[in-house]
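Below is one structure, written out as structure tokens, with a few remarks after it.
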Amino acid sequence: MFIESRKSLRLKEFDYSSHRAYFITICAYEKKDVFGSVVDFRMKLNDLGQMISDIWQNMFIINVSIKKDQYIVMPNHFHAILLIVEDNVDTLGNYIGRFKSFTTHKYNTQFRSNNAARKILWQRNYYDHIIRNDISLDKIRAYILNNPARWYLDKENPGRKGEDDFEIWLESFSK
């Protein structure tokens, strides 16, 4: 049997259970737009996108060793800042794993038809960035907040528009 070897995206020798802030990105399976759409440069969640948002918010009620910060559900991905507020046994990967597992389970029990095959909701793995200072934290917060407005420029957006369209939109806000 052939076992696929995957390159780890995690920083070697780093303790991902340590008291830190982390910027994470999780992509929908095959990067399909399944969570809603950007309308007038704002994210409009569909029922599945709202479920993702609700589960993310509820995760912090259950576990007091983590806190949420800025986050956004986009059409085909999810960005969030997760704060581990006390050193503990659980790692960033444990929290993300539980989130992905719970959302996938709920997706398969509530959003697919009885005759449909089991669906995969998320791509394997996730991306993370260890936030090292307040300046970086503020920049990442702004990035998350502005993500819907920049969706039209995103290379992962199948309906991507050009820089000119984005500049026209920006000008409309300065009038």
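Residues in the structure tokens are named by chain (A, B, ... in the order shown) and by number from 1 within that chain; ligands are numbered from 1 in the order shown.
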Using only C-alpha atoms, which protein or nucleic acid residues come within 9 Å of Tyr22 in chain A? Drop anything in the same chain fewer than 5 positions from it, and give the result as a PyMOL selection string. chain A and resi 80-84+92+128-132
Just C-alpha atoms for this one: save the residues we selected as a PDB file, in the first residue's frame.
```pdb
ATOM      1  CA  ALA A  80      -9.819  34.014  11.731  1.00  0.00           C
ATOM      2  CA  ILE A  81      -7.576  35.159  14.518  1.00  0.00           C
ATOM      3  CA  LEU A  82      -7.574  32.640  17.341  1.00  0.00           C
ATOM      4  CA  LEU A  83      -6.010  33.499  20.697  1.00  0.00           C
ATOM      5  CA  ILE A  84      -4.746  30.760  22.973  1.00  0.00           C
ATOM      6  CA  LEU A  92      -3.852  25.095  17.517  1.00  0.00           C
ATOM      7  CA  ASP A 128      -1.498  29.547   9.929  1.00  0.00           C
ATOM      8  CA  HIS A 129       0.607  32.543  10.780  1.00  0.00           C
ATOM      9  CA  ILE A 130       1.952  33.137  14.266  1.00  0.00           C
ATOM     10  CA  ILE A 131       1.162  36.744  15.190  1.00  0.00           C
ATOM     11  CA  ARG A 132       4.211  38.162  16.910  1.00  0.00           C
TER      12      ARG A 132
END
```
Using only C-alpha atoms for the distances, tell me which of A:Met43, A:Val89, A:Leu153, A:Ile61 is nearest to Val73 in chain A. A:Met43
So the first atom is CA of Val34 in chain A and the second is CA of Trp122 in chain A; what is the distance between them in Å, to one decimal place? 10.4 Å
Any idea what the distance is between CA of Lys32 in chain A and CA of Thr104 in chain A? 14.9 Å
Could you pull out the alpha helix (DSSP H) residues of range 3-114 of chain A from DSSP and send them as JSON, numbers by chain? {"A": [47, 48, 49, 50, 51, 52, 53, 54, 55, 56, 57, 58, 59, 60, 61, 62, 92, 93, 94, 95, 96, 97, 98, 99, 100, 101, 102, 103, 104, 105, 106, 107, 108, 109, 110]}
Which is closest to Ala28 in chain A among A:Asn108, A:Asn76, A:Asn125, A:Ser136, if we use only C-alpha atoms? A:Asn76
Shortest contact to Gly97 in chain A, candidates A:Arg124, A:Lys155, A:Lys44, A:Lys67, atoms counted only C-alpha atoms, goes to A:Arg124
